[in-house]
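Written out below as structure tokens is the structure these notes cover.
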Amino acid sequence: MNDDELYAERLREVLHGEGSAMSVSDDGLGKILQGAGDGEPPRRRPSWVAPLAVAAAAVLLLGGVALGISLTRGSGSPTATPGTSGSTSAVVSPSEQVSQATGSTGTSALPSGGHSSASTASSPTESAALAVYYVADVPGVGTRLYREFHTLPTEASPTGRITAALDELFGGNAVDPDYTTLWPSGTQALSVRVDGDLATVNVSDFPHIGEQGQAMAIQQVVWTVTAADPSVKRVQIQVNGQPPQGAASLGKPTARGNSLDTLANVWILAPAEGSTVASPVKVTVYGTGFEGNVIVRVLKDDGTQVAQKAVTTQMGAFASASTTFTLPAGGYQVQALNDNGKNATLLLWDTKNFTVG
Amino acid sequence: MPGVSVVGRRAVREVDAVGRHAAPWPPDDPHSWDAEQAVTVLYSGHYGTFVRVAALLVRDVPTAEEVVQEAYVGLFRRWDRLRDPDAAVGYLRQAVVNGARSVLRRRGTAERAAEALPATPAPAPDPAASLADRRAVIDALARLPERQREVLVLRYYADWSEADIAAALGISPGAVKSYASRGVQALRPVLASWGQDR
């Protein structure tokens, strides 16, 4: 290390020490949305989102907390935001922006003959918020998918986005410590090819965890790939160019599984894992349950339950809902459960640990 | 996750028929988000970091929060034109840096002069007192020319790429390198005494 690098490293250490000593209050989102609403005409909203948006708007405008969606890997760490090459991060004119957005949906700008990761080697890089589907074991249910948004450097193409999301998935770096990946560590996406609605993903390794586990590992890939490129509806896995060893069905094109059998039935969106929040604490869940009921419990860090409330999402469809708890300073865990409505038994779907400052 | 009393898959099956096509909120595809969804997700991912970046520039967390909140309000109002979360982060970067710069300019020459010339001399660097040392570096940073200070914070705290810093400040990547190099050089005396014997 030369002198310049040594001093730069010291400066980095000083700035990070100073940054982590700062206490940032957690009521910013409410203020932002309130400020955005001041003097503004009613906002245009796509019709499909209306029912959820009403609930979401109520959630957001009443209190305003950070939803626990992890846009950045390790969002608590200021060093974790990957840089980008800047080609898309500058503010450009509205017309350029519209065409850019259209192109990156992957529906209108694709070459008719399909496209592959090899052909995008010269694409500019960008930084994109990509959905990554991890898994957790739910007692009494089995393995289910949980989503986090991670901001990742990626080539500015659908296959580039797919590859970046898959590498993140295989890396298993979920923010929530309960979430993991079924794929062996070191697995890489060797190539990605998209033909019409079919993506063929060639990977370097495949989990040896039984057929049921392998099917769920493939669902991790399918949900993540179809999120990164919405034009993709089916995914075919190859392992070093060959069909995966095991059941013949593993090598066939696979679509997203039925969401109620594949996704966790309840996700906690806020508070975020490991976050420090102010009381009253707004807890936001996303999910479904019998008659829409989701039970939210708050436990102290010694395991004693201090509060429990029921919130209403939707029955048979996923929706967000929230409730508020007034809590003294300390460490807590929030749990989200749903009820089958038959014999008062509950399934525990998600937990987040947080601190009230 | 701790164990709880459990139930089989039957209850889940009961809602299967209508739930088959349920989609997560917000939608997987960020380009389909409305302004509220975009701001909510980008808040969750970046707000804390932006506030700390702004606070390192304006040296005051509440003011930094206002600067960053204004940037997000601006994003909300422009979302229908942007429609791209990646470009939105670029917009926020630029808005936060500009907002911090405006605050410093509004504070006026008198206050900045007072900050630059503290009434009492800075305490002698003490290797055991890293907090005091850190203050000394931060104080020295505040006395640097505007561009040098911005580049150092964005490069060595926010870890933005040269291209991102260049875009946010409206300068060339070469200029980013040059400001960074000159800024580190200017801080050498205070950095030389920091971090020794640790």
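Going through the structure tokens in order, the chains are called A, B, and so on, while each chain numbers its residues from 1 and the ligands are numbered from 1 in the order shown.
Near Asn353 (chain A), within a cut-off of 9 Å and counting only C-alpha atoms, sit the residues A:Pro271, A:Ala272, A:Glu273, A:Gly274, A:Ser275, A:Asp301, A:Gly331, A:Tyr332, A:Gln333, A:Val334, A:Gln335, with same-chain residues fewer than 4 positions away left out.
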Among listed residues A:Asn173, A:Ser279, A:Ser231, A:Gln238, nearest chain B (using only C-alpha atoms)
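With only C-alpha atoms as the atom set, the closest residue is A:Ser231.
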Provide the CA of Asp195 (chain A) to CA of Lys233 (chain A) distance in Å, to one decimal place.
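Rounded to one decimal, the two atoms are 10.6 Å apart.
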Which residue of B:Arg134, B:Arg182, B:Arg105, B:Arg78 approaches chain A most closely, using only C-alpha atoms:
B:Arg134
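Here CA of Asp167 (chain A) and CA of Pro173 (chain B) stand 28.9 Å from one another.
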Pairwise distance, CA of Tyr179 (chain A) with CA of Lys352 (chain A), equals 11.1 Å
Out of region 124-262 of chain A, which residues get strand (DSSP E or B) from DSSP, as a ChimeraX atom specification?
/A:125-138,142-155,180,189-195,198-203,234-239,242,254-255
Residues from the last selection, N, CA and C atoms, saved as a short mmCIF file (atom, residue, chain, number, x, y, z; two decimals), in the first residue's frame:
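Listing of selection-v4.cif after writing:
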data_model
loop_
_atom_site.label_atom_id
_atom_site.label_comp_id
_atom_site.auth_asym_id
_atom_site.auth_seq_id
_atom_site.Cartn_x
_atom_site.Cartn_y
_atom_site.Cartn_z
N THR A 125 -22.95 -1.24 -17.99
CA THR A 125 -23.41 -1.74 -16.70
C THR A 125 -24.27 -0.69 -16.02
N GLU A 126 -25.10 -1.17 -15.10
CA GLU A 126 -25.96 -0.28 -14.34
C GLU A 126 -26.14 -0.92 -12.97
N SER A 127 -26.89 -0.24 -12.15
CA SER A 127 -27.19 -0.77 -10.84
C SER A 127 -28.70 -0.94 -10.79
N ALA A 128 -29.17 -2.13 -10.45
CA ALA A 128 -30.61 -2.39 -10.53
C ALA A 128 -31.11 -3.02 -9.24
N ALA A 129 -32.33 -2.66 -8.88
CA ALA A 129 -32.99 -3.31 -7.74
C ALA A 129 -33.65 -4.58 -8.25
N LEU A 130 -33.16 -5.70 -7.80
CA LEU A 130 -33.66 -6.97 -8.31
C LEU A 130 -34.24 -7.80 -7.18
N ALA A 131 -35.34 -8.48 -7.48
CA ALA A 131 -35.97 -9.36 -6.50
C ALA A 131 -35.20 -10.68 -6.45
N VAL A 132 -34.83 -11.11 -5.26
CA VAL A 132 -34.13 -12.37 -5.08
C VAL A 132 -34.96 -13.22 -4.12
N TYR A 133 -35.26 -14.43 -4.54
CA TYR A 133 -36.11 -15.28 -3.72
C TYR A 133 -35.27 -16.28 -2.93
N TYR A 134 -35.28 -16.10 -1.61
CA TYR A 134 -34.59 -17.02 -0.70
C TYR A 134 -35.60 -18.02 -0.15
N VAL A 135 -35.13 -18.93 0.70
CA VAL A 135 -36.04 -19.89 1.32
C VAL A 135 -35.87 -19.86 2.83
N ALA A 136 -36.92 -20.30 3.50
CA ALA A 136 -36.82 -20.59 4.94
C ALA A 136 -37.74 -21.77 5.21
N ASP A 137 -37.40 -22.54 6.23
CA ASP A 137 -38.24 -23.67 6.62
C ASP A 137 -39.30 -23.18 7.58
N VAL A 138 -40.55 -23.45 7.25
CA VAL A 138 -41.66 -23.05 8.10
C VAL A 138 -42.11 -24.29 8.86
N GLY A 142 -42.98 -26.68 5.69
CA GLY A 142 -41.87 -27.04 4.81
C GLY A 142 -41.17 -25.79 4.32
N THR A 143 -40.50 -25.94 3.20
CA THR A 143 -39.67 -24.85 2.69
C THR A 143 -40.51 -23.91 1.83
N ARG A 144 -40.39 -22.64 2.09
CA ARG A 144 -41.13 -21.65 1.31
C ARG A 144 -40.20 -20.51 0.88
N LEU A 145 -40.65 -19.79 -0.16
CA LEU A 145 -39.84 -18.69 -0.69
C LEU A 145 -40.15 -17.37 0.02
N TYR A 146 -39.09 -16.60 0.23
CA TYR A 146 -39.20 -15.25 0.80
C TYR A 146 -38.42 -14.31 -0.12
N ARG A 147 -38.94 -13.12 -0.35
CA ARG A 147 -38.29 -12.21 -1.31
C ARG A 147 -37.56 -11.08 -0.59
N GLU A 148 -36.38 -10.76 -1.09
CA GLU A 148 -35.70 -9.51 -0.71
C GLU A 148 -35.32 -8.78 -1.99
N PHE A 149 -35.33 -7.44 -1.95
CA PHE A 149 -34.81 -6.65 -3.07
C PHE A 149 -33.35 -6.30 -2.78
N HIS A 150 -32.48 -6.61 -3.68
CA HIS A 150 -31.07 -6.26 -3.54
C HIS A 150 -30.66 -5.38 -4.72
N THR A 151 -29.91 -4.33 -4.43
CA THR A 151 -29.38 -3.48 -5.51
C THR A 151 -28.05 -4.07 -5.97
N LEU A 152 -27.99 -4.41 -7.24
CA LEU A 152 -26.84 -5.15 -7.75
C LEU A 152 -26.30 -4.49 -9.01
N PRO A 153 -24.97 -4.51 -9.17
CA PRO A 153 -24.42 -4.08 -10.45
C PRO A 153 -24.77 -5.13 -11.51
N THR A 154 -25.24 -4.68 -12.65
CA THR A 154 -25.67 -5.63 -13.67
C THR A 154 -25.47 -5.04 -15.05
N GLU A 155 -25.26 -5.90 -16.02
CA GLU A 155 -25.26 -5.43 -17.40
C GLU A 155 -26.67 -4.98 -17.74
N THR A 180 -32.22 -18.37 3.54
CA THR A 180 -31.01 -18.96 3.00
C THR A 180 -31.28 -19.38 1.55
N ALA A 189 -24.01 -18.97 -12.35
CA ALA A 189 -24.80 -19.00 -13.59
C ALA A 189 -23.80 -18.92 -14.74
N LEU A 190 -23.60 -20.02 -15.45
CA LEU A 190 -22.59 -20.06 -16.52
C LEU A 190 -23.08 -19.33 -17.76
N SER A 191 -24.36 -19.52 -18.07
CA SER A 191 -24.93 -18.79 -19.20
C SER A 191 -26.45 -18.71 -19.03
N VAL A 192 -27.01 -17.70 -19.63
CA VAL A 192 -28.46 -17.50 -19.59
C VAL A 192 -28.90 -17.20 -21.01
N ARG A 193 -29.90 -17.92 -21.49
CA ARG A 193 -30.41 -17.66 -22.83
C ARG A 193 -31.92 -17.52 -22.74
N VAL A 194 -32.45 -16.51 -23.43
CA VAL A 194 -33.90 -16.30 -23.43
C VAL A 194 -34.41 -16.44 -24.85
N ASP A 195 -35.35 -17.38 -25.04
CA ASP A 195 -36.03 -17.55 -26.33
C ASP A 195 -37.51 -17.43 -26.07
N LEU A 198 -39.18 -18.55 -22.72
CA LEU A 198 -38.38 -19.60 -22.05
C LEU A 198 -36.95 -19.11 -21.80
N ALA A 199 -36.52 -19.19 -20.56
CA ALA A 199 -35.12 -18.91 -20.23
C ALA A 199 -34.42 -20.23 -19.96
N THR A 200 -33.27 -20.43 -20.58
CA THR A 200 -32.45 -21.60 -20.29
C THR A 200 -31.25 -21.14 -19.49
N VAL A 201 -31.13 -21.69 -18.29
CA VAL A 201 -30.09 -21.26 -17.36
C VAL A 201 -29.13 -22.41 -17.15
N ASN A 202 -27.88 -22.22 -17.52
CA ASN A 202 -26.85 -23.25 -17.34
C ASN A 202 -26.06 -22.90 -16.09
N VAL A 203 -26.12 -23.80 -15.09
CA VAL A 203 -25.47 -23.52 -13.82
C VAL A 203 -24.32 -24.50 -13.59
N ARG A 234 -41.15 -19.36 -18.26
CA ARG A 234 -40.69 -20.70 -17.90
C ARG A 234 -39.17 -20.72 -17.90
N VAL A 235 -38.62 -21.57 -17.04
CA VAL A 235 -37.16 -21.66 -16.93
C VAL A 235 -36.74 -23.12 -17.04
N GLN A 236 -35.73 -23.37 -17.86
CA GLN A 236 -35.16 -24.70 -17.98
C GLN A 236 -33.76 -24.67 -17.40
N ILE A 237 -33.51 -25.59 -16.46
CA ILE A 237 -32.20 -25.63 -15.79
C ILE A 237 -31.30 -26.64 -16.51
N GLN A 238 -30.07 -26.26 -16.76
CA GLN A 238 -29.04 -27.20 -17.18
C GLN A 238 -27.90 -27.12 -16.18
N VAL A 239 -27.26 -28.26 -15.93
CA VAL A 239 -26.11 -28.27 -15.03
C VAL A 239 -24.90 -28.62 -15.89
N GLN A 242 -25.92 -30.09 -19.14
CA GLN A 242 -26.71 -31.33 -19.14
C GLN A 242 -27.97 -31.15 -18.29
N THR A 254 -39.95 -25.08 -16.40
CA THR A 254 -40.76 -24.98 -15.19
C THR A 254 -41.27 -23.56 -15.04
N ALA A 255 -42.56 -23.43 -14.75
CA ALA A 255 -43.16 -22.11 -14.51
C ALA A 255 -43.21 -21.86 -13.01
#
